[in-house]
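Data first, discussion second: the structure below is written as structure tokens.
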Amino acid sequence: MNATDPGEGTAPPPGRRRTLLLTAAALALLLTGGLLLALGTGRQQPAPPTAADKGSPEAPAARTPPPDGGTSASPEGGSGRRETALPASRPVGITIPSLKVDSTLEDLGLGENRAMDTPRDPDKAGWYTPGTTPGAVGPAVIAGHVTWDGAPAVFFELADLDPGDRIDVRRADGRTAEFTVDRTAVYPKDAFPTVEVYRNLDHAGLRLITCGGDYSEADRRYADNVVVYATLTGSHD
């Protein structure tokens, strides 16, 4: 196993061959084209779209000021609300109460073959530093391992997140960005919806990404990718 292929060669723990999640080692959103993304499978994923192909920002969910002090309906199909974006500030930790996840964040940059680095510690998630900071306008990306040497890792239960679940991201400026899950989707690795995941946004979004589906002993890879879509719905000191 190497640092750029998390989970490769790690079989699911006994009795847990349900949907498992593995680090999407390759989420280079908001970079312009030509970037190949490795997902811990020994293969390459299609590059994120170029700026010209990412499409215009999503239309605002509400065009008139809402009556509740700056929030509007979530634009991604969830039941949460949308909060005005925060200034950029690097994230330092993530908490997912429903999954009992509480992790500091490693910085993930670009490694060999222009693939995103993956967390060195399987119990920690990582933020992709060339992308958006969580809470600022755009789709910020946080990734984490699902298993390590057959044991559950930080994002082992990520696919269990439901609409309305909360994700808190602590930031270096002392603010905590509060996100609400809009939806959780599972995609075959050979049909990853690059534009949908990486498209421009007119609000602050968050994508938690890992892998899931069946694990192949022969290929040493999982069949699918899991993407959690969330929207900024609040913040506090």
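Ligands are numbered from 1 in the order shown, residues from 1 within each chain, and chains are lettered A, B, ... in the order they appear in the structure tokens.
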- request: Quick one: everything within 8 Å of Val226 in chain A, counting only C-alpha atoms, minus sequence neighbours fewer than 2 positions away in the same chain. Send it as a ChimeraX atom specification.
  value: /A:21,158-159,184-187,209-212,224,228
For N, CA and C atoms, I'd like the residues from the last selection saved as an mmCIF file, in the first residue's frame.
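And here is the file that came out, out.cif:
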```cif
data_model
loop_
_atom_site.group_PDB
_atom_site.id
_atom_site.type_symbol
_atom_site.label_atom_id
_atom_site.label_comp_id
_atom_site.auth_asym_id
_atom_site.auth_seq_id
_atom_site.Cartn_x
_atom_site.Cartn_y
_atom_site.Cartn_z
ATOM 1 N N LEU A 21 -16.741 2.531 2.355
ATOM 2 C CA LEU A 21 -16.292 3.758 1.761
ATOM 3 C C LEU A 21 -14.782 3.826 1.750
ATOM 4 N N LEU A 158 -19.519 6.772 6.024
ATOM 5 C CA LEU A 158 -19.941 7.999 5.362
ATOM 6 C C LEU A 158 -21.230 7.833 4.564
ATOM 7 N N ALA A 159 -21.418 6.691 3.948
ATOM 8 C CA ALA A 159 -22.615 6.476 3.122
ATOM 9 C C ALA A 159 -23.894 6.442 3.937
ATOM 10 N N THR A 184 -26.851 12.083 -0.318
ATOM 11 C CA THR A 184 -25.693 11.197 -0.442
ATOM 12 C C THR A 184 -25.909 10.340 -1.672
ATOM 13 N N ALA A 185 -24.917 10.305 -2.551
ATOM 14 C CA ALA A 185 -25.054 9.588 -3.816
ATOM 15 C C ALA A 185 -23.921 8.592 -3.984
ATOM 16 N N VAL A 186 -24.217 7.502 -4.679
ATOM 17 C CA VAL A 186 -23.232 6.463 -4.983
ATOM 18 C C VAL A 186 -23.153 6.327 -6.496
ATOM 19 N N TYR A 187 -21.931 6.377 -7.022
ATOM 20 C CA TYR A 187 -21.723 6.337 -8.465
ATOM 21 C C TYR A 187 -20.721 5.244 -8.818
ATOM 22 N N ILE A 209 -16.009 12.925 0.145
ATOM 23 C CA ILE A 209 -15.904 11.918 -0.902
ATOM 24 C C ILE A 209 -15.042 10.763 -0.460
ATOM 25 N N THR A 210 -15.494 9.586 -0.799
ATOM 26 C CA THR A 210 -14.800 8.348 -0.496
ATOM 27 C C THR A 210 -15.243 7.308 -1.510
ATOM 28 N N CYS A 211 -15.033 6.045 -1.247
ATOM 29 C CA CYS A 211 -15.476 4.990 -2.154
ATOM 30 C C CYS A 211 -16.430 4.047 -1.442
ATOM 31 N N GLY A 212 -17.094 3.234 -2.209
ATOM 32 C CA GLY A 212 -18.050 2.304 -1.631
ATOM 33 C C GLY A 212 -18.357 1.174 -2.580
ATOM 34 N N ASP A 224 -17.435 1.529 -6.415
ATOM 35 C CA ASP A 224 -18.160 2.779 -6.545
ATOM 36 C C ASP A 224 -17.441 3.933 -5.847
ATOM 37 N N VAL A 228 -21.057 12.878 -0.627
ATOM 38 C CA VAL A 228 -22.025 13.554 0.231
ATOM 39 C C VAL A 228 -22.038 15.025 -0.159
#
```
field: Surrounding residues of range 171-181 of chain A excluding itself and chain neighbours under 3 positions, 6 Å, only C-alpha atoms, as a PyMOL selection string
entry: chain A and resi 80+89-92+135+163-168+229-237
Could you take the residues named above and write them with C-alpha atoms, as a PDB file, in the first residue's frame?
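As written to disk, part39.pdb reads:
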```pdb
ATOM      1  CA  GLY A  80     -31.757  22.586   5.052  1.00  0.00           C
ATOM      2  CA  SER A  89     -10.099  30.500   6.070  1.00  0.00           C
ATOM      3  CA  ARG A  90      -8.345  27.140   6.117  1.00  0.00           C
ATOM      4  CA  PRO A  91     -10.180  24.323   7.913  1.00  0.00           C
ATOM      5  CA  VAL A  92      -8.592  22.608  10.900  1.00  0.00           C
ATOM      6  CA  GLY A 135     -17.625  28.028   4.202  1.00  0.00           C
ATOM      7  CA  PRO A 163     -30.437  14.568   4.343  1.00  0.00           C
ATOM      8  CA  GLY A 164     -30.618  16.930   7.283  1.00  0.00           C
ATOM      9  CA  ASP A 165     -27.578  15.500   9.083  1.00  0.00           C
ATOM     10  CA  ARG A 166     -25.089  18.082  10.310  1.00  0.00           C
ATOM     11  CA  ILE A 167     -21.417  18.485   9.431  1.00  0.00           C
ATOM     12  CA  ASP A 168     -19.330  21.045  11.318  1.00  0.00           C
ATOM     13  CA  TYR A 229     -23.382  16.931  -0.905  1.00  0.00           C
ATOM     14  CA  ALA A 230     -23.911  19.554   1.787  1.00  0.00           C
ATOM     15  CA  THR A 231     -24.714  23.263   1.987  1.00  0.00           C
ATOM     16  CA  LEU A 232     -23.615  25.915   4.466  1.00  0.00           C
ATOM     17  CA  THR A 233     -26.567  26.602   6.776  1.00  0.00           C
ATOM     18  CA  GLY A 234     -24.955  28.480   9.647  1.00  0.00           C
ATOM     19  CA  SER A 235     -21.790  29.410  11.505  1.00  0.00           C
ATOM     20  CA  HIS A 236     -20.685  30.234  15.006  1.00  0.00           C
ATOM     21  CA  ASP A 237     -17.614  31.269  16.979  1.00  0.00           C
TER      22      ASP A 237
END
```
task: Can you work out the spacing between CA of Asp102 in chain A and CA of Pro193 in chain A in Å, to one decimal?
output: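 These atoms are spaced 28.5 Å apart.
Using only C-alpha atoms, the shortest contact distance between Asp202 in chain A and any of A:Gly150, A:Gly138, A:Pro87, A:Gly144 is found at A:Gly138.
For the pair CA of Phe155 in chain A and CA of Ser216 in chain A, the separation is 19.1 Å.
Note that DSSP on the backbone gives helix (DSSP H, G or I) to these residues of range 115-223 of chain A: Leu158, Ala159, Asp160, Lys189, Asp190, Ala191, Thr194, Val195, Glu196, Val197 and Tyr198 of chain A.
Straight-line separation from CA of Gly126 in chain A to CA of Ser103 in chain A: 9.1 Å.
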Nearest to Leu99 in chain A by atom-to-atom distance, counting only C-alpha atoms, from A:Val137, A:Asp162, A:Gly131, A:Pro119: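 So, comparing all the options, the nearest one is A:Asp162.
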